[in-house]
Each structure stands twice: as structure tokens, then as C-alpha cells.
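Enquirer: Input entry_39.cif, format and content: mmCIF, C-alpha atoms.
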```
data_target
#
loop_
_atom_site.label_atom_id
_atom_site.label_comp_id
_atom_site.auth_asym_id
_atom_site.auth_seq_id
_atom_site.Cartn_x
_atom_site.Cartn_y
_atom_site.Cartn_z
CA MET A 1 -50.31 -79.43 16.06
CA ILE A 2 -46.66 -78.82 16.88
CA TYR A 3 -47.46 -78.75 20.58
CA ILE A 4 -49.48 -81.96 20.33
CA ALA A 5 -46.73 -83.75 18.37
CA LEU A 6 -44.07 -82.80 20.91
CA LYS A 7 -46.36 -83.64 23.83
CA MET A 8 -46.95 -87.11 22.38
CA LEU A 9 -43.22 -87.61 21.84
CA LEU A 10 -42.07 -86.44 25.25
CA GLY A 11 -44.97 -88.12 27.03
CA ASN A 12 -43.49 -91.55 26.37
CA LYS A 13 -40.02 -91.06 27.81
CA GLY A 14 -38.94 -94.67 27.38
CA LYS A 15 -39.61 -94.74 23.64
CA PHE A 16 -38.21 -91.23 23.20
CA ILE A 17 -34.93 -92.19 24.87
CA GLY A 18 -34.78 -95.40 22.82
CA ILE A 19 -35.09 -93.49 19.53
CA VAL A 20 -32.45 -90.96 20.58
CA VAL A 21 -30.07 -93.72 21.71
CA GLY A 22 -30.31 -95.48 18.34
CA ILE A 23 -29.56 -92.30 16.41
CA THR A 24 -26.80 -91.34 18.86
CA PHE A 25 -25.08 -94.69 18.45
CA GLY A 26 -25.20 -94.45 14.66
CA ALA A 27 -23.99 -90.84 14.56
CA LEU A 28 -21.17 -91.54 17.03
CA LEU A 29 -19.87 -94.57 15.16
CA ILE A 30 -20.15 -92.96 11.73
CA SER A 31 -18.52 -89.66 12.67
CA GLN A 32 -15.73 -91.24 14.73
CA GLN A 33 -14.75 -93.82 12.13
CA ALA A 34 -14.96 -91.29 9.29
CA ALA A 35 -12.73 -88.87 11.23
CA ILE A 36 -10.16 -91.59 11.94
CA PHE A 37 -10.18 -92.51 8.25
CA CYS A 38 -9.56 -88.87 7.31
CA GLY A 39 -6.73 -88.69 9.85
CA LEU A 40 -5.07 -91.77 8.36
CA MET A 41 -5.36 -90.42 4.82
CA ILE A 42 -3.78 -87.12 5.85
CA ARG A 43 -0.83 -89.01 7.27
CA THR A 44 -0.15 -90.56 3.86
CA TYR A 45 0.97 -87.18 2.49
CA SER A 46 2.17 -85.50 5.68
CA GLN A 47 5.74 -85.13 4.40
CA ILE A 48 4.52 -83.32 1.28
CA LYS A 49 2.47 -81.00 3.49
CA ASP A 50 5.40 -80.23 5.79
CA ILE A 51 7.72 -79.18 2.92
CA GLU A 52 6.18 -75.81 2.10
CA GLU A 53 8.91 -73.96 0.17
CA PRO A 54 8.61 -75.58 -3.28
CA ASP A 55 5.56 -75.24 -5.49
CA LEU A 56 6.24 -78.38 -7.50
CA TRP A 57 7.62 -81.89 -7.14
CA VAL A 58 9.26 -83.38 -10.23
CA MET A 59 9.71 -87.15 -10.44
CA ASP A 60 9.90 -90.13 -12.75
CA PRO A 61 6.66 -90.65 -14.75
CA GLN A 62 6.13 -94.06 -13.13
CA VAL A 63 6.05 -92.72 -9.55
CA ARG A 64 2.54 -92.93 -8.10
CA PHE A 65 3.03 -91.85 -4.47
CA ILE A 66 5.71 -90.32 -2.30
CA ASP A 67 7.12 -93.58 -0.91
CA GLU A 68 7.64 -95.11 -4.34
CA PHE A 69 11.28 -94.50 -5.22
CA LYS A 70 12.47 -94.39 -8.85
CA PRO A 71 15.63 -92.27 -9.21
CA LEU A 72 16.12 -89.60 -11.85
CA ASN A 73 19.23 -88.93 -13.91
CA ASN A 74 21.43 -86.20 -12.45
CA ASN A 75 21.21 -84.32 -15.76
CA ASP A 76 17.44 -84.00 -15.24
CA LEU A 77 18.10 -81.41 -12.53
CA TYR A 78 19.76 -79.04 -15.01
CA ARG A 79 17.11 -79.65 -17.64
CA ILE A 80 14.42 -78.70 -15.13
CA ARG A 81 16.29 -75.57 -14.08
CA GLY A 82 16.40 -74.49 -17.72
CA VAL A 83 12.61 -74.53 -18.17
CA PRO A 84 11.21 -70.98 -18.45
CA GLY A 85 9.32 -69.99 -15.29
CA VAL A 86 11.48 -71.98 -12.87
CA GLU A 87 12.96 -69.76 -10.15
CA TRP A 88 14.98 -72.57 -8.59
CA GLY A 89 15.18 -76.34 -8.56
CA VAL A 90 17.06 -78.40 -5.97
CA ARG A 91 17.83 -82.02 -5.26
CA PHE A 92 15.76 -83.95 -2.76
CA TYR A 93 16.43 -87.44 -1.49
CA LYS A 94 13.99 -89.78 0.23
CA GLY A 95 14.96 -93.23 1.36
CA LEU A 96 15.13 -95.70 4.20
CA ALA A 97 17.96 -96.73 6.52
CA ARG A 98 18.43 -98.93 9.56
CA ALA A 99 19.65 -97.21 12.69
CA ARG A 100 21.41 -98.77 15.67
CA THR A 101 21.47 -96.99 18.99
CA PRO A 102 24.26 -97.33 21.58
CA GLU A 103 21.96 -99.72 23.47
CA GLY A 104 22.05 -102.09 20.48
CA ALA A 105 18.46 -101.61 19.35
CA HIS A 106 17.64 -101.48 15.63
CA GLN A 107 15.06 -99.20 14.08
CA GLN A 108 14.06 -98.45 10.50
CA ILE A 109 14.29 -94.74 9.72
CA SER A 110 13.00 -92.55 6.91
CA ILE A 111 15.70 -90.21 5.55
CA LEU A 112 15.01 -86.89 3.84
CA GLY A 113 18.08 -85.45 2.10
CA LEU A 114 18.00 -81.65 1.65
CA ASP A 115 19.97 -79.64 -0.87
CA ASP A 116 23.47 -79.01 0.54
CA GLU A 117 23.53 -75.32 -0.38
CA THR A 118 20.00 -74.09 0.29
CA LEU A 119 18.63 -76.72 2.72
CA ALA A 120 15.28 -76.27 0.94
CA GLY A 121 12.59 -78.42 2.53
CA ALA A 122 14.05 -78.18 6.05
CA PRO A 123 11.60 -78.51 8.97
CA THR A 124 10.04 -75.29 10.23
CA GLY A 125 8.99 -76.34 13.74
CA MET A 126 12.33 -76.71 15.50
CA LEU A 127 12.12 -77.72 19.16
CA LEU A 128 15.86 -77.96 19.82
CA GLY A 129 18.89 -77.03 17.73
CA ASN A 130 19.26 -74.97 14.57
CA ILE A 131 18.81 -75.77 10.88
CA GLU A 132 22.31 -74.48 10.12
CA ASP A 133 23.74 -77.22 12.36
CA LEU A 134 22.99 -79.63 9.52
CA ARG A 135 26.12 -78.34 7.77
CA ARG A 136 28.24 -80.23 10.31
CA PRO A 137 29.59 -83.64 9.19
CA GLY A 138 27.19 -86.46 10.02
CA ALA A 139 24.57 -84.06 11.41
CA VAL A 140 20.89 -85.04 11.43
CA ILE A 141 17.64 -83.59 12.74
CA MET A 142 14.97 -86.00 14.01
CA ASP A 143 11.27 -85.52 14.65
CA ASP A 144 10.13 -85.65 18.25
CA ALA A 145 7.96 -88.74 17.76
CA GLY A 146 10.92 -90.63 16.32
CA TYR A 147 13.11 -89.50 19.20
CA SER A 148 10.62 -91.03 21.64
CA GLN A 149 10.81 -94.33 19.78
CA ILE A 150 14.59 -94.56 19.76
CA TRP A 151 15.23 -93.05 23.20
CA PRO A 152 12.05 -93.73 25.16
CA ASP A 153 11.57 -92.15 28.56
CA GLN A 154 14.44 -89.72 27.92
CA PRO A 155 14.02 -85.93 27.81
CA LEU A 156 14.54 -84.22 24.47
CA GLN A 157 18.20 -83.37 24.06
CA VAL A 158 20.69 -83.10 21.22
CA GLY A 159 24.13 -84.65 21.04
CA HIS A 160 23.13 -88.32 20.78
CA ILE A 161 25.50 -90.34 18.59
CA PHE A 162 24.18 -93.40 16.78
CA GLU A 163 24.77 -95.43 13.63
CA MET A 164 22.80 -95.61 10.41
CA ASN A 165 23.87 -98.39 8.05
CA ASP A 166 27.25 -98.52 9.83
CA GLN A 167 27.77 -94.76 9.38
CA ARG A 168 28.20 -92.41 12.34
CA ALA A 169 25.43 -89.83 12.85
CA ILE A 170 25.05 -87.11 15.44
CA LEU A 171 21.73 -85.63 16.48
CA VAL A 172 21.97 -81.83 16.23
CA GLY A 173 18.29 -80.93 16.36
CA ILE A 174 14.77 -82.09 17.18
CA CYS A 175 11.78 -80.85 15.19
CA LYS A 176 8.00 -81.09 15.22
CA ALA A 177 6.73 -82.94 12.14
CA SER A 178 3.34 -84.22 11.08
CA ARG A 179 2.75 -87.85 11.91
CA THR A 180 3.42 -90.18 8.98
CA PHE A 181 1.40 -93.16 7.82
CA GLN A 182 4.22 -95.59 8.64
CA THR A 183 4.96 -94.00 12.05
CA ILE A 184 8.73 -94.55 11.79
CA PRO A 185 11.34 -91.98 12.88
CA LEU A 186 12.00 -89.20 10.40
CA ILE A 187 15.51 -87.88 9.77
CA TYR A 188 16.47 -84.63 7.99
CA THR A 189 20.04 -84.30 6.75
CA ARG A 190 21.98 -82.85 3.84
CA TYR A 191 21.73 -84.54 0.45
CA SER A 192 25.37 -85.63 0.48
CA GLU A 193 25.01 -87.07 3.99
CA ALA A 194 21.82 -88.89 3.01
CA LEU A 195 23.74 -90.67 0.23
CA ARG A 196 26.40 -91.68 2.75
CA PHE A 197 23.81 -93.06 5.17
CA SER A 198 21.85 -94.94 2.49
CA PRO A 199 22.75 -98.03 0.44
CA GLN A 200 24.64 -97.04 -2.70
CA GLU A 201 22.77 -97.00 -6.00
CA ARG A 202 23.76 -96.02 -9.49
CA GLN A 203 21.26 -93.15 -9.43
CA SER A 204 20.20 -91.39 -6.23
CA LEU A 205 18.19 -88.32 -7.27
CA MET A 206 14.67 -89.19 -6.12
CA TYR A 207 12.87 -85.85 -6.57
CA VAL A 208 13.52 -82.30 -7.71
CA LEU A 209 11.82 -79.57 -5.70
CA VAL A 210 10.91 -76.58 -7.86
CA LYS A 211 9.89 -73.03 -7.01
CA ALA A 212 7.94 -71.12 -9.65
CA GLN A 213 8.87 -67.57 -10.52
CA PRO A 214 6.54 -64.84 -9.22
CA GLY A 215 3.47 -64.56 -11.44
CA VAL A 216 3.90 -68.03 -12.97
CA ASN A 217 0.99 -70.41 -12.51
CA PRO A 218 2.32 -73.61 -10.88
CA GLU A 219 -0.04 -75.86 -12.84
CA GLU A 220 1.03 -74.31 -16.15
CA LEU A 221 4.66 -74.71 -15.11
CA CYS A 222 3.99 -78.41 -14.42
CA GLN A 223 2.75 -78.84 -17.98
CA ARG A 224 5.74 -76.94 -19.31
CA ILE A 225 8.26 -79.08 -17.40
CA THR A 226 6.54 -82.29 -18.50
CA ALA A 227 6.59 -81.17 -22.14
CA VAL A 228 10.30 -80.27 -22.06
CA THR A 229 11.69 -83.11 -19.90
CA ASP A 230 9.12 -85.94 -20.24
CA LEU A 231 9.11 -86.15 -16.43
CA LYS A 232 6.09 -86.00 -14.16
CA ALA A 233 5.67 -82.59 -12.52
CA LEU A 234 2.96 -82.08 -9.90
CA THR A 235 2.00 -79.29 -7.55
CA ARG A 236 2.13 -80.02 -3.83
CA GLN A 237 -1.65 -80.42 -3.76
CA GLN A 238 -1.70 -82.72 -6.79
CA PHE A 239 1.08 -84.92 -5.40
CA ALA A 240 -0.69 -85.10 -2.04
CA TRP A 241 -3.95 -86.20 -3.68
CA ASN A 242 -2.10 -88.75 -5.83
CA THR A 243 -0.50 -90.24 -2.73
CA MET A 244 -3.79 -90.39 -0.85
CA TYR A 245 -5.64 -91.94 -3.81
CA TYR A 246 -2.94 -94.60 -4.08
CA TYR A 247 -3.47 -95.73 -0.49
CA MET A 248 -7.22 -95.63 -0.94
CA GLU A 249 -7.03 -97.76 -4.08
CA LYS A 250 -4.29 -100.22 -3.13
CA THR A 251 -5.06 -100.85 0.54
CA GLY A 252 -8.09 -102.20 2.37
CA ILE A 253 -8.45 -99.12 4.55
CA PRO A 254 -11.51 -97.60 2.80
CA VAL A 255 -13.31 -100.97 2.73
CA ASN A 256 -12.67 -101.68 6.42
CA PHE A 257 -13.78 -98.24 7.56
CA GLY A 258 -16.69 -98.31 5.10
CA ILE A 259 -17.97 -101.55 6.62
CA THR A 260 -17.82 -100.06 10.10
CA VAL A 261 -19.70 -96.95 8.97
CA LEU A 262 -22.30 -99.13 7.24
CA ILE A 263 -22.76 -101.18 10.41
CA GLY A 264 -23.32 -97.97 12.35
CA LEU A 265 -25.91 -96.85 9.80
CA ILE A 266 -27.73 -100.21 9.81
CA VAL A 267 -27.74 -100.64 13.59
CA GLY A 268 -28.77 -97.03 14.20
CA THR A 269 -31.58 -97.34 11.65
CA ALA A 270 -32.79 -100.65 13.11
CA ILE A 271 -32.88 -99.41 16.70
CA SER A 272 -34.44 -96.03 15.97
CA GLY A 273 -36.85 -97.44 13.34
CA GLN A 274 -38.18 -100.20 15.56
CA THR A 275 -38.52 -97.94 18.57
CA PHE A 276 -40.17 -95.19 16.54
CA TYR A 277 -42.65 -97.68 15.10
CA LEU A 278 -43.54 -98.96 18.56
CA PHE A 279 -43.96 -95.36 19.68
CA THR A 280 -46.40 -94.80 16.81
CA LEU A 281 -48.38 -97.91 17.70
CA ASP A 282 -48.66 -96.71 21.30
CA ASN A 283 -50.11 -93.42 20.06
CA LEU A 284 -52.20 -94.85 17.25
CA ARG A 285 -55.52 -94.04 19.00
CA GLN A 286 -54.42 -90.41 19.35
CA PHE A 287 -53.64 -90.23 15.64
CA ALA A 288 -57.01 -91.84 14.86
CA LEU A 289 -58.75 -89.25 17.04
CA LEU A 290 -57.02 -86.45 15.16
CA LYS A 291 -58.20 -87.95 11.87
CA ALA A 292 -61.73 -88.26 13.27
CA ILE A 293 -61.88 -84.52 14.05
CA GLY A 294 -60.75 -83.62 10.54
CA THR A 295 -56.96 -83.44 10.67
CA THR A 296 -55.58 -83.96 7.17
CA ASN A 297 -53.03 -86.59 6.26
CA ILE A 298 -50.51 -83.90 5.39
CA ARG A 299 -50.70 -82.51 8.93
CA LEU A 300 -50.32 -86.00 10.40
CA VAL A 301 -47.25 -86.63 8.24
CA GLY A 302 -45.88 -83.26 9.35
CA MET A 303 -46.34 -84.24 13.00
CA ILE A 304 -44.43 -87.50 12.52
CA MET A 305 -41.65 -85.76 10.61
CA LEU A 306 -41.40 -83.14 13.37
CA GLN A 307 -41.07 -85.89 15.97
CA ALA A 308 -38.40 -87.60 13.85
CA ALA A 309 -36.55 -84.31 13.28
CA MET A 310 -36.43 -83.52 16.99
CA THR A 311 -35.07 -86.94 17.94
CA GLY A 312 -32.62 -86.75 15.04
CA PHE A 313 -31.34 -83.32 16.08
CA ILE A 314 -30.77 -84.46 19.65
CA GLY A 315 -29.23 -87.78 18.62
CA TYR A 316 -26.94 -86.09 16.10
CA GLY A 317 -25.63 -83.70 18.73
CA LEU A 318 -25.15 -86.43 21.33
CA GLY A 319 -23.31 -88.56 18.76
CA VAL A 320 -21.05 -86.01 17.09
CA GLY A 321 -20.21 -84.23 20.35
CA PRO A 322 -18.47 -87.19 22.05
CA ALA A 323 -16.74 -88.08 18.78
CA ALA A 324 -15.28 -84.58 18.56
CA PHE A 325 -14.29 -84.69 22.23
CA PHE A 326 -12.53 -88.00 21.59
CA GLY A 327 -10.59 -86.35 18.75
CA ILE A 328 -9.50 -83.48 20.99
CA SER A 329 -8.41 -85.85 23.75
CA VAL A 330 -6.19 -87.96 21.43
CA GLN A 331 -4.54 -85.10 19.52
CA GLY A 332 -1.26 -85.59 21.37
CA ALA A 333 -1.18 -89.36 20.90
CA GLN A 334 1.33 -90.57 18.34
CA GLN A 335 -0.44 -93.73 17.25
CA LEU A 336 -3.97 -92.32 16.91
CA ALA A 337 -5.05 -90.46 13.79
CA PHE A 338 -8.12 -88.24 13.99
CA TYR A 339 -9.28 -85.38 11.78
CA MET A 340 -12.87 -84.16 11.60
CA PRO A 341 -13.45 -81.68 8.75
CA TRP A 342 -16.84 -80.20 7.99
CA GLN A 343 -17.41 -82.91 5.37
CA VAL A 344 -17.52 -85.52 8.15
CA LEU A 345 -20.12 -83.51 10.03
CA ALA A 346 -22.17 -83.03 6.85
CA GLY A 347 -21.90 -86.72 5.93
CA THR A 348 -22.99 -87.76 9.40
CA ALA A 349 -25.96 -85.41 9.14
CA VAL A 350 -26.94 -87.05 5.83
CA ALA A 351 -26.64 -90.48 7.47
CA VAL A 352 -28.90 -89.35 10.32
CA ILE A 353 -31.46 -88.07 7.81
CA ILE A 354 -31.39 -91.48 6.10
CA MET A 355 -31.96 -93.15 9.47
CA LEU A 356 -34.90 -90.87 10.15
CA LEU A 357 -36.44 -91.46 6.73
CA PHE A 358 -36.33 -95.22 7.19
CA ALA A 359 -37.53 -94.90 10.76
CA SER A 360 -40.49 -92.69 9.92
CA VAL A 361 -41.67 -94.14 6.59
CA ILE A 362 -43.19 -97.24 8.19
CA SER A 363 -44.81 -95.17 10.93
CA ILE A 364 -46.25 -92.75 8.38
CA ARG A 365 -47.76 -95.62 6.39
CA ARG A 366 -49.35 -97.05 9.54
CA VAL A 367 -50.85 -93.70 10.57
CA LEU A 368 -52.20 -92.97 7.09
CA THR A 369 -54.01 -96.33 6.96
CA VAL A 370 -55.49 -96.20 10.46
CA GLU A 371 -59.28 -96.03 10.67
CA PRO A 372 -60.75 -93.22 12.81
CA ALA A 373 -63.34 -95.72 14.05
CA ILE A 374 -60.80 -97.45 16.34
CA VAL A 375 -61.25 -94.52 18.71
CA PHE A 376 -64.68 -95.96 19.65
CA GLN A 377 -63.38 -99.50 20.08
CA THR A 378 -62.89 -100.78 23.59
#
```
Any chance you could put this one into C-alpha cells?
Expert:
Amino acid sequence: MIYIALKMLLGNKGKFIGIVVGITFGALLISQQAAIFCGLMIRTYSQIKDIEEPDLWVMDPQVRFIDEFKPLNNNDLYRIRGVPGVEWGVRFYKGLARARTPEGAHQQISILGLDDETLAGAPTGMLLGNIEDLRRPGAVIMDDAGYSQIWPDQPLQVGHIFEMNDQRAILVGICKASRTFQTIPLIYTRYSEALRFSPQERQSLMYVLVKAQPGVNPEELCQRITAVTDLKALTRQQFAWNTMYYYMEKTGIPVNFGITVLIGLIVGTAISGQTFYLFTLDNLRQFALLKAIGTTNIRLVGMIMLQAAMTGFIGYGLGVGPAAFFGISVQGAQQLAFYMPWQVLAGTAVAVIIMLLFASVISIRRVLTVEPAIVFQT
């Protein structure tokens, strides 16, 4: 029966290609859009991911995501350091500034202020320069994508002098950083320099980065810090998830991508279902003949499901393959976000199975109700 089912399927090349095309289109659209959505969500917490040294981020209880600034009291730093299990805790500043290049162009910049003594949270992927150069007055390190925005069509080089909020800054290094959701240049500098570059506020301590002592569970330490200081303490993973959930809840990104994925599912199901049904009608006399010679309904259903599974397997591969190739080809692009984890592949496979179920259920019903006597009709 397997041979007969495949022979029937491959014998009608037009219908076979039509079914595969419908599934391919749905799988391609679903997997590509889901991967772009994942890439965008990763960018929302890229700065948390890049700062690997601390185990915990401590912040005001009202802070919901990394770009929401609510300063702490300077005394909070010493209270956090006094909590049992804390190996070290350092200041960390995050803010925005407006830069002006010698050419007169203006550009908003994200500033990360590192602890003056330890430089904890400094970038690890240096392309030019040295982290220790940050100890020079006015020194900053910029990510390579930001450098391309401010000095387009210029080779990477240090020594550029520019202004941030009317304060002189000198570029001493260029680093490789994960792309951010806002895609604006990223500046690393010392905490004291970050305060000089940024508008003055009464309080300027945005976050405290904390390293747990060896053997101390970071999640337990979070609870301990919260109990002692009444501040919010989160592990890097927890803070990353909080940031991502905020963007998912407060923006229209999930809805927009969800609509596109749904369209892919509906269109793929409609094309493959209609074509598969027409294929079944073309072979209805063959199915009736099989029933006339004693083939059970279970075997007939198995034949249809085998035909659907084969077209689904081919269509899934032809859809996911180009989507993955697209992701590889745009990895170096600054403005394109793409990340395809195994969950995207599994979700696409589930979507293809749903397409096949809808496509085959009508055909199965038609085959089960066909009368063997039509074989003898002219």
C-alpha cells in the first residue's frame, strides 16, 4: 500500500508540486517571521547579556526594564555591600546623551558608566584600543556599529575627538557589542566621566552590579538583598526576561509578527488543502477500486496520511532551509535581527502538521464515503 500511495502522489506531478508549494510558503513565512521576532527580542536585553561579570543587578523596585531609569540613593551601594554573600558591588550608570561630531552632525548616544576603580562591566570584544585607556580624562570606548553611524565610510581608528552635551570626549577604543533594540551608538566610559557627559541630576546611581561569593546561590542572594534593602535584586537571566516581557507586553511587536505568522498558516493551509483535495478527487476511482477489492478504511486513511506526511516533510525542508539561509546571509547587517533557535524549528513543524491535518481531513472524509460501485460507472 505504501508503494501505491506514493505512486498515486508522484504520478500527478502538478498537484504534488502545488501541495508542496503551499506548505513551503507557509513554513518559510512562519519560520522567517518567528526568527526575526526572536532576534528583536534578544536585542532588548543585549546590554545585560554583554555584561557578564556580575551575577546580579540591583535597582529601584519600580524599574521594569533596563532602559527605565530611576536612580538609587548613594547610600544604597554600601547597604548592598554589607549583605552577607556579596563578594563585591559597584556603581553602574546608564543614560542618554547627544553627541556632536566635528562635521556638525548630532546623534543620540547610550552611555554606560563603569566603576572608576574596577571597570566592572567593560566590553570584552575589543577591536581597537585597551580597556585601561578609559582611565584617561574624557576617554570613551564605542561599539563598531555606532562608529559606523557617526563616522560612516571611515575605517575603524581611535583618536577621534567629539562633543557630548558640550563636553569634550576622545575615542580611545572600539569594541564589538551585541546589537541593541534602539540601534543607537553605545559608549563605555568611567562612572565619573558618565556623570560629566550626562545632564546633572540630584541622584545618578542607576544600578548596582553585584558579584556573589563562591558557593552562594545568586537567586537566594537576590532575596536576601531585597529583604535587607527593600530594593529589587535580579539575576542577569531574570532581568533579561523582565526586559523582554516588557517589550512584548507594552509594544505591538508580538501582535504584528503574530498576524504575519497567522497569515502564513492560513494561506499555506488554503493552498495545500485545496490542492490536496483536488488530488484526491482525481484519484477517487483508484480509492474506490481499492475499497472494492477489500482494502479497509484504516489502510485508506493511512495511505492519505502517508501522502500528506511526504509532502509536509518536503515542504517543511524547502521552507525552513531558505529561511535559515536568509538568517546566515544577514548576520553581518546592523539593521536586521534574526535568531532561529530550535523552538522556532519545532513551532514551524507543529504549524506544518496543522496544515496537513486540515488539508487531509476533507480528503479522508471524501474517500471514506466513496462508493466502490463508481469503478463500474462510465
Enquirer: Residues of segment 325-361 of chain A that have any atom at most 12 Å from an atom of segment 251-270 of chain A: could you tabulate them with the shortest-distance atom pair and the distance in Å to one decimal, using all atoms listed in the file, ordered by chain and increasing number, as a Markdown table?
Expert:
```
| residue | atom | partner | partner_atom | distance |
| --- | --- | --- | --- | --- |
| A:Val344 | CA | A:Val261 | CA | 11.7 |
| A:Gly347 | CA | A:Val261 | CA | 10.9 |
| A:Thr348 | CA | A:Leu265 | CA | 9.6 |
| A:Ala349 | CA | A:Leu265 | CA | 11.5 |
| A:Val350 | CA | A:Leu265 | CA | 10.6 |
| A:Ala351 | CA | A:Leu265 | CA | 6.8 |
| A:Val352 | CA | A:Leu265 | CA | 8.1 |
| A:Ile353 | CA | A:Thr269 | CA | 10.0 |
| A:Ile354 | CA | A:Thr269 | CA | 8.1 |
| A:Met355 | CA | A:Thr269 | CA | 4.7 |
| A:Leu356 | CA | A:Thr269 | CA | 7.4 |
| A:Leu357 | CA | A:Thr269 | CA | 9.1 |
| A:Phe358 | CA | A:Thr269 | CA | 6.9 |
| A:Ala359 | CA | A:Thr269 | CA | 6.5 |
| A:Ser360 | CA | A:Thr269 | CA | 10.2 |
| A:Val361 | CA | A:Thr269 | CA | 11.7 |
```
Enquirer: Tell me, in Å to one decimal, how far atom CA of Gln213 of chain A is from atom CA of Trp88 of chain A.
Expert: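 These two atoms are separated by 8.1 Å.
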Enquirer: Since I can't run it myself right now, could you work out what the PyMOL selection byres ((chain A and resi 133) around 12) selects here and report it as a PyMOL selection string?
Expert: chain A and resi 116+119+122+126+128-132+134-141+158-159+170-174+188-190
Enquirer: For the selection just defined, write its residues with C-alpha atoms to a file, as a PDB file, keeping the file's coordinate frame.
Expert:
```
ATOM      1  CA  ASP A 116      23.470 -79.010   0.540  1.00  0.00           C
ATOM      2  CA  LEU A 119      18.630 -76.720   2.720  1.00  0.00           C
ATOM      3  CA  ALA A 122      14.050 -78.180   6.050  1.00  0.00           C
ATOM      4  CA  MET A 126      12.330 -76.710  15.500  1.00  0.00           C
ATOM      5  CA  LEU A 128      15.860 -77.960  19.820  1.00  0.00           C
ATOM      6  CA  GLY A 129      18.890 -77.030  17.730  1.00  0.00           C
ATOM      7  CA  ASN A 130      19.260 -74.970  14.570  1.00  0.00           C
ATOM      8  CA  ILE A 131      18.810 -75.770  10.880  1.00  0.00           C
ATOM      9  CA  GLU A 132      22.310 -74.480  10.120  1.00  0.00           C
ATOM     10  CA  LEU A 134      22.990 -79.630   9.520  1.00  0.00           C
ATOM     11  CA  ARG A 135      26.120 -78.340   7.770  1.00  0.00           C
ATOM     12  CA  ARG A 136      28.240 -80.230  10.310  1.00  0.00           C
ATOM     13  CA  PRO A 137      29.590 -83.640   9.190  1.00  0.00           C
ATOM     14  CA  GLY A 138      27.190 -86.460  10.020  1.00  0.00           C
ATOM     15  CA  ALA A 139      24.570 -84.060  11.410  1.00  0.00           C
ATOM     16  CA  VAL A 140      20.890 -85.040  11.430  1.00  0.00           C
ATOM     17  CA  ILE A 141      17.640 -83.590  12.740  1.00  0.00           C
ATOM     18  CA  VAL A 158      20.690 -83.100  21.220  1.00  0.00           C
ATOM     19  CA  GLY A 159      24.130 -84.650  21.040  1.00  0.00           C
ATOM     20  CA  ILE A 170      25.050 -87.110  15.440  1.00  0.00           C
ATOM     21  CA  LEU A 171      21.730 -85.630  16.480  1.00  0.00           C
ATOM     22  CA  VAL A 172      21.970 -81.830  16.230  1.00  0.00           C
ATOM     23  CA  GLY A 173      18.290 -80.930  16.360  1.00  0.00           C
ATOM     24  CA  ILE A 174      14.770 -82.090  17.180  1.00  0.00           C
ATOM     25  CA  TYR A 188      16.470 -84.630   7.990  1.00  0.00           C
ATOM     26  CA  THR A 189      20.040 -84.300   6.750  1.00  0.00           C
ATOM     27  CA  ARG A 190      21.980 -82.850   3.840  1.00  0.00           C
TER      28      ARG A 190
END
```
Enquirer: Considering all atoms listed in the file, return as a PyMOL selection string whatever protein or nucleic-acid residues lie within 12 Å of Val63 of chain A, sequence-local ones (same chain, fewer than 4 positions apart) excluded.
Expert: chain A and resi 57-59+67-72+206-207+231-234+239+242-243+246
Enquirer: Atom CA of Ala288 of chain A to atom CA of Phe16 of chain A: how many Å, to one decimal?
Expert: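 Straight-line distance from atom CA of Ala288 of chain A to atom CA of Phe16 of chain A works out to 20.6 Å.
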Enquirer: Take atom CA of Leu306 of chain A and atom CA of Ile293 of chain A and report the distance between them in Å, one decimal.
Expert: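 These two atoms are separated by 20.5 Å.
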Enquirer: Check what the PyMOL selection byres ((chain A and resi 363) around 9) selects in the file above and give those residues as a list in words.
Expert: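 Those residues are Gly273, Phe276, Tyr277, Leu278, Phe279, Thr280, Leu281, Ile304, Ala359, Ser360, Val361, Ile362, Ile364, Arg365, Arg366, Val367 and Leu368 of chain A.
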Enquirer: With distances taken over all atoms listed in the file, which residue among A:Lys49, A:Arg179, A:Phe197, A:Met41 lies nearest Lys94 of chain A?
Expert: A:Phe197
Enquirer: Point out the residue among A:Val301, A:Leu127, A:Ile19, A:Leu77 with the least atom-to-atom distance to Ser204 of chain A, counting all atoms listed in the file.
Expert: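 Counting all atoms listed in the file, the residue closest to Ser204 of chain A is A:Leu77.
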Enquirer: Counting all atoms listed in the file, which residue out of A:Leu186, A:Arg168, A:Tyr339, A:Asp76 sits closest to Ile36 of chain A?
Expert: A:Tyr339
Enquirer: Where does the PyMOL selection byres ((chain A and resi 224) around 12) land in this file, that is, which residues does it pick, as a ChimeraX atom specification?
Expert: /A:56,58,79-86,212,216-223,225-234
Enquirer: If we count only C-alpha atoms, what is near Ala99 of chain A at a cut-off of 7 Å, once residues fewer than 6 positions away on the same chain are taken out, given as a tab-separated table (two decimals) with C-alpha atoms, in the coordinates of the input?
Expert:
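Wrote it out as part-v9.tsv, contents follow:
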```tsv
chain	number	residue	atom	x	y	z
A	106	HIS	CA	17.64	-101.48	15.63
A	107	GLN	CA	15.06	-99.20	14.08
A	108	GLN	CA	14.06	-98.45	10.50
A	109	ILE	CA	14.29	-94.74	9.72
A	163	GLU	CA	24.77	-95.43	13.63
A	164	MET	CA	22.80	-95.61	10.41
A	165	ASN	CA	23.87	-98.39	8.05
```
Enquirer: Each side padded by 4 Å, which centre and which edge lengths in Å (one decimal) define the axis-aligned box around the listed atoms of segment 74-82 of chain A? Give them as AutoDock Vina command-line options.
Expert:
```
--center_x 17.9 --center_y -80.3 --center_z -15.1 --size_x 15.0 --size_y 19.7 --size_z 13.3
```
Enquirer: Looking at A:Met305, A:Ile48, A:Ala27, A:Pro123, which one is nearest to Thr235 of chain A, with distances taken over all atoms listed in the file?
Expert: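 For Thr235 of chain A, the nearest of the candidates is A:Ile48.
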Enquirer: Kindly indicate which residue among A:Met310, A:Met340, A:Val208, A:Leu345 lies nearest to Leu40 of chain A, using only C-alpha atoms for the distances.
Expert: A:Met340
Enquirer: Determine the nearest neighbour of Asn74 of chain A from the options A:Ala34, A:Ser148, A:Gln203, A:Lys15, counting only C-alpha atoms.
Expert: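 Among the listed residues, A:Gln203 lies closest to Asn74 of chain A.
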Enquirer: Around the point (-39.6, -89.1, 21.3) (coordinates from the file), which residues reach within 9 Å if we count all atoms listed in the file? Answer as a list in words.
Expert: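 I get Leu6, Met8, Leu9, Leu10, Gly11, Asn12, Lys13, Gly14, Lys15, Phe16, Ile17, Gly18, Ile19, Val20, Phe276, Phe279, Gln307, Ala308, Met310 and Thr311 of chain A for the residues within 9 Å of that point.
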